[in-house]
Amino acid sequence: MDENENYEAESQACPGGFIYTIQPGDTIYRLSLRFNVSMDAILRANPGINPDNLQIGQQICIPAGTPVPQCPNGILYVIRQGDTLYRLAQRFGISVDSIIAANPGINPDNLQIGQVICIPIKPVPECPNGFPYIIRQGDTFYKLSKQFGVSVDSIIAANPGVNPNNLQIGQRICIPYR
C-alpha cells in the first residue's frame, strides 16, 4: 500500500479528522509529529487502543490538527523532510502552479513536515495506438523497449510530457504497438 493511500478522508467514525491505517514503524509519537496533532489528542480520539502495541493494519482516528484538504482529482500526500513544491512537481510530473491551485491557502515557502496536501494527478494517458503500462521498480524506456519489442523513440513519442529520466513507480505510460 502506498503511503499516500493509507488514510481516508473525514468519516463519521472520526468527526473532524480522518481514519489512518497503521504502517510498519508507526508510533503515536511519530504520528503526532507527522500530522501536527498532540499525542494526547490521538489517544483521546482512540479510547481503548494500546499505544505501546499498535498493530500494522489497525485503523485509528487522527483528530483534526491541520485540516485534511479535499482532493477529488488527485492523491493526498504527506510532506516529508526536504520536500518542496518544485521537487513534488518534478516527482509527480505536474506543475508547481497546479499543486498551488489544488491547495488554496498553502504557503509554498513554509511547508511543514507532516502537512497533508493534495497532489493533482494527470489523467491517464490515452493509448489509441498502444496499451497502458504502469511503471514498476527498475523500469526504463530502454528495458521496456526490449521487453515489448518497440524502439525507445516510439515510447518517447507515445508519451509526450513524460521525462524518461524521471519515471515514477505507479506512473502510467503508453506502450505503442509494434
# chains A, B, ... in the order shown; residues from 1 in each chain; ligands from 1
>>> closest_atom_pairs(of="segment 9-35 of chain A", to="segment 75-79 of chain A", cutoff="12 Å", atoms="only C-alpha atoms", output="tab-separated table")
residue	atom	partner	partner_atom	distance
A:Ala9	CA	A:Leu76	CA	9.1
A:Phe18	CA	A:Leu76	CA	11.8
A:Leu31	CA	A:Val78	CA	11.3
A:Leu33	CA	A:Ile79	CA	11.4
A:Arg34	CA	A:Val78	CA	7.8
A:Phe35	CA	A:Val78	CA	8.3
>>> select_by_dssp(residues="segment 123-168 of chain A", states="strand (DSSP E)", output="PyMOL selection string")
chain A and resi 130-134
>>> write_last_selection(atoms="all heavy atoms", output="tab-separated table (two decimals), in the first residue's frame")
chain	number	residue	atom	x	y	z
A	130	GLY	N	-1.65	1.96	-28.88
A	130	GLY	CA	-0.86	1.13	-27.97
A	130	GLY	C	-1.70	0.71	-26.79
A	130	GLY	O	-2.92	0.69	-26.86
A	131	PHE	N	-1.01	0.42	-25.68
A	131	PHE	CA	-1.72	-0.02	-24.48
A	131	PHE	C	-1.08	0.64	-23.26
A	131	PHE	O	0.10	0.97	-23.27
A	131	PHE	CB	-1.69	-1.55	-24.35
A	131	PHE	CG	-0.31	-2.14	-24.29
A	131	PHE	CD1	0.31	-2.37	-23.08
A	131	PHE	CD2	0.37	-2.44	-25.46
A	131	PHE	CE1	1.59	-2.90	-23.03
A	131	PHE	CE2	1.65	-2.97	-25.42
A	131	PHE	CZ	2.26	-3.21	-24.21
A	132	PRO	N	-1.88	0.86	-22.20
A	132	PRO	CA	-1.34	1.49	-20.99
A	132	PRO	C	-0.42	0.52	-20.24
A	132	PRO	O	-0.63	-0.70	-20.26
A	132	PRO	CB	-2.56	1.83	-20.15
A	132	PRO	CG	-3.70	1.10	-20.76
A	132	PRO	CD	-3.32	0.64	-22.11
A	133	TYR	N	0.58	1.08	-19.60
A	133	TYR	CA	1.53	0.30	-18.80
A	133	TYR	C	1.83	1.09	-17.54
A	133	TYR	O	1.99	2.31	-17.59
A	133	TYR	CB	2.82	0.07	-19.60
A	133	TYR	CG	3.88	-0.68	-18.81
A	133	TYR	CD1	3.86	-2.07	-18.74
A	133	TYR	CD2	4.86	0.00	-18.12
A	133	TYR	CE1	4.82	-2.76	-18.00
A	133	TYR	CE2	5.83	-0.67	-17.38
A	133	TYR	CZ	5.80	-2.06	-17.33
A	133	TYR	OH	6.73	-2.74	-16.59
A	134	ILE	N	1.92	0.40	-16.39
A	134	ILE	CA	2.23	1.06	-15.12
A	134	ILE	C	3.70	0.79	-14.79
A	134	ILE	O	4.12	-0.37	-14.74
A	134	ILE	CB	1.31	0.57	-14.00
A	134	ILE	CG1	-0.14	0.93	-14.34
A	134	ILE	CG2	1.71	1.17	-12.66
A	134	ILE	CD1	-1.16	0.40	-13.39
>>> atom_distance(atom1="atom CA of Ala158 of chain A", atom2="atom CA of Pro176 of chain A")
6.4 Å
>>> closest_residue(among="A:Asp153, A:Asp139, A:Asp97, A:Asp83", to="Ile113 of chain A", atoms="only C-alpha atoms")
A:Asp83
>>> residues_around(residues="Cys71 of chain A", least_positions_apart="6", cutoff="8 Å", atoms="only C-alpha atoms", output="PyMOL selection string")
chain A and resi 102+118-120
>>> residues_around(residues="Ala41 of chain A", least_positions_apart="2", cutoff="12 Å", atoms="only C-alpha atoms", output="number ranges by chain")
A: 17, 28-29, 31-32, 35-39, 43-47, 60-65
>>> write_last_selection(atoms="N, CA, C and O atoms", output="short mmCIF file (atom, residue, chain, number, x, y, z; two decimals), in the first residue's frame")
data_model
loop_
_atom_site.label_atom_id
_atom_site.label_comp_id
_atom_site.auth_asym_id
_atom_site.auth_seq_id
_atom_site.Cartn_x
_atom_site.Cartn_y
_atom_site.Cartn_z
N GLY A 17 -11.66 14.65 11.73
CA GLY A 17 -10.33 14.10 11.48
C GLY A 17 -10.39 13.12 10.34
O GLY A 17 -11.22 13.25 9.44
N ILE A 28 2.61 6.42 18.23
CA ILE A 28 1.76 7.58 18.50
C ILE A 28 2.60 8.86 18.42
O ILE A 28 2.16 9.86 17.86
N TYR A 29 3.82 8.80 18.92
CA TYR A 29 4.70 9.96 18.86
C TYR A 29 4.96 10.38 17.42
O TYR A 29 4.82 11.56 17.07
N LEU A 31 3.24 9.69 14.74
CA LEU A 31 2.01 10.16 14.11
C LEU A 31 1.67 11.58 14.56
O LEU A 31 1.20 12.39 13.77
N SER A 32 1.93 11.87 15.84
CA SER A 32 1.64 13.22 16.33
C SER A 32 2.51 14.26 15.61
O SER A 32 2.03 15.33 15.27
N PHE A 35 1.34 14.46 11.74
CA PHE A 35 0.06 15.09 11.44
C PHE A 35 -0.20 16.35 12.27
O PHE A 35 -1.31 16.88 12.26
N ASN A 36 0.83 16.81 12.99
CA ASN A 36 0.73 18.07 13.73
C ASN A 36 -0.44 18.06 14.72
O ASN A 36 -1.25 18.97 14.77
N VAL A 37 -0.50 16.96 15.49
CA VAL A 37 -1.56 16.76 16.48
C VAL A 37 -0.89 16.22 17.73
O VAL A 37 0.07 15.47 17.64
N SER A 38 -1.36 16.59 18.90
CA SER A 38 -0.73 16.11 20.13
C SER A 38 -0.98 14.61 20.32
O SER A 38 -1.98 14.07 19.86
N MET A 39 -0.06 13.97 21.04
CA MET A 39 -0.24 12.55 21.36
C MET A 39 -1.50 12.36 22.18
O MET A 39 -2.25 11.40 21.96
N LEU A 43 -4.70 9.89 21.46
CA LEU A 43 -5.15 8.89 22.43
C LEU A 43 -6.60 9.12 22.85
O LEU A 43 -7.37 8.17 23.01
N ARG A 44 -7.01 10.39 23.02
CA ARG A 44 -8.40 10.69 23.37
C ARG A 44 -9.35 10.29 22.25
O ARG A 44 -10.48 9.87 22.51
N ALA A 45 -8.91 10.42 21.00
CA ALA A 45 -9.76 10.08 19.86
C ALA A 45 -9.86 8.57 19.64
O ALA A 45 -10.68 8.11 18.85
N ASN A 46 -9.01 7.81 20.36
CA ASN A 46 -8.97 6.36 20.18
C ASN A 46 -8.98 5.65 21.52
O ASN A 46 -8.00 4.98 21.88
N PRO A 47 -10.07 5.78 22.27
CA PRO A 47 -10.10 5.12 23.58
C PRO A 47 -9.97 3.60 23.40
O PRO A 47 -10.52 3.03 22.49
N ILE A 60 -6.96 3.79 13.09
CA ILE A 60 -7.19 4.70 14.20
C ILE A 60 -7.65 6.04 13.65
O ILE A 60 -7.51 6.32 12.46
N CYS A 61 -8.17 6.85 14.56
CA CYS A 61 -8.62 8.19 14.20
C CYS A 61 -7.48 9.18 14.46
O CYS A 61 -6.90 9.18 15.54
N ILE A 62 -7.17 9.98 13.47
CA ILE A 62 -6.25 11.10 13.66
C ILE A 62 -7.13 12.34 13.72
O ILE A 62 -7.73 12.73 12.72
N PRO A 63 -7.24 12.94 14.91
CA PRO A 63 -8.13 14.11 15.03
C PRO A 63 -7.56 15.31 14.29
O PRO A 63 -6.37 15.35 13.97
N ALA A 64 -8.44 16.25 14.04
CA ALA A 64 -8.04 17.43 13.29
C ALA A 64 -6.95 18.20 14.03
O ALA A 64 -7.10 18.53 15.19
N GLY A 65 -5.85 18.39 13.38
CA GLY A 65 -4.80 19.31 13.83
C GLY A 65 -4.82 20.40 12.79
O GLY A 65 -5.31 21.48 12.96
#
>>> closest_residue(among="A:Val162, A:Ile155, A:Leu167, A:Leu111", to="Gly138 of chain A", atoms="only C-alpha atoms")
A:Leu167
>>> closest_residue(among="A:Asn73, A:Pro104, A:Arg87, A:Pro128", to="Asn166 of chain A", atoms="only C-alpha atoms")
A:Arg87
>>> atom_distance(atom1="atom CA of Ile156 of chain A", atom2="atom CA of Ile94 of chain A")
17.5 Å
>>> closest_residue(among="A:Ser154, A:Asn165, A:Asn110, A:Gln58", to="Gly82 of chain A", atoms="only C-alpha atoms")
A:Asn110
>>> select_by_dssp(residues="segment 110-171 of chain A", states="alpha helix (DSSP H)", output="PyMOL selection string")
chain A and resi 141-148+152-158
>>> write_last_selection(atoms="N, CA and C atoms", output="short mmCIF file (atom, residue, chain, number, x, y, z; two decimals), in the first residue's frame")
data_model
loop_
_atom_site.label_atom_id
_atom_site.label_comp_id
_atom_site.auth_asym_id
_atom_site.auth_seq_id
_atom_site.Cartn_x
_atom_site.Cartn_y
_atom_site.Cartn_z
N PHE A 141 12.86 3.26 -20.15
CA PHE A 141 12.33 3.15 -21.50
C PHE A 141 13.13 2.14 -22.30
N TYR A 142 14.43 2.06 -22.06
CA TYR A 142 15.26 1.08 -22.77
C TYR A 142 14.81 -0.35 -22.44
N LYS A 143 14.65 -0.66 -21.16
CA LYS A 143 14.21 -2.01 -20.76
C LYS A 143 12.83 -2.32 -21.34
N LEU A 144 11.93 -1.32 -21.30
CA LEU A 144 10.59 -1.53 -21.85
C LEU A 144 10.63 -1.75 -23.36
N SER A 145 11.54 -1.04 -24.04
CA SER A 145 11.65 -1.22 -25.49
C SER A 145 12.07 -2.65 -25.82
N LYS A 146 12.99 -3.20 -25.04
CA LYS A 146 13.43 -4.59 -25.24
C LYS A 146 12.31 -5.57 -24.89
N GLN A 147 11.62 -5.29 -23.76
CA GLN A 147 10.56 -6.19 -23.29
C GLN A 147 9.41 -6.29 -24.29
N PHE A 148 9.03 -5.14 -24.91
CA PHE A 148 7.87 -5.12 -25.78
C PHE A 148 8.20 -5.06 -27.26
N VAL A 152 12.90 2.80 -28.34
CA VAL A 152 12.84 3.81 -27.28
C VAL A 152 12.18 5.06 -27.83
N ASP A 153 12.55 5.45 -29.06
CA ASP A 153 11.97 6.66 -29.67
C ASP A 153 10.45 6.56 -29.80
N SER A 154 9.93 5.37 -30.11
CA SER A 154 8.48 5.24 -30.25
C SER A 154 7.79 5.34 -28.89
N ILE A 155 8.44 4.85 -27.83
CA ILE A 155 7.88 5.01 -26.48
C ILE A 155 7.88 6.47 -26.08
N ILE A 156 8.96 7.17 -26.36
CA ILE A 156 9.04 8.61 -26.06
C ILE A 156 7.95 9.36 -26.81
N ALA A 157 7.78 9.04 -28.12
CA ALA A 157 6.77 9.73 -28.94
C ALA A 157 5.35 9.46 -28.43
N ALA A 158 5.11 8.28 -27.86
CA ALA A 158 3.78 7.92 -27.37
C ALA A 158 3.47 8.54 -26.01
#
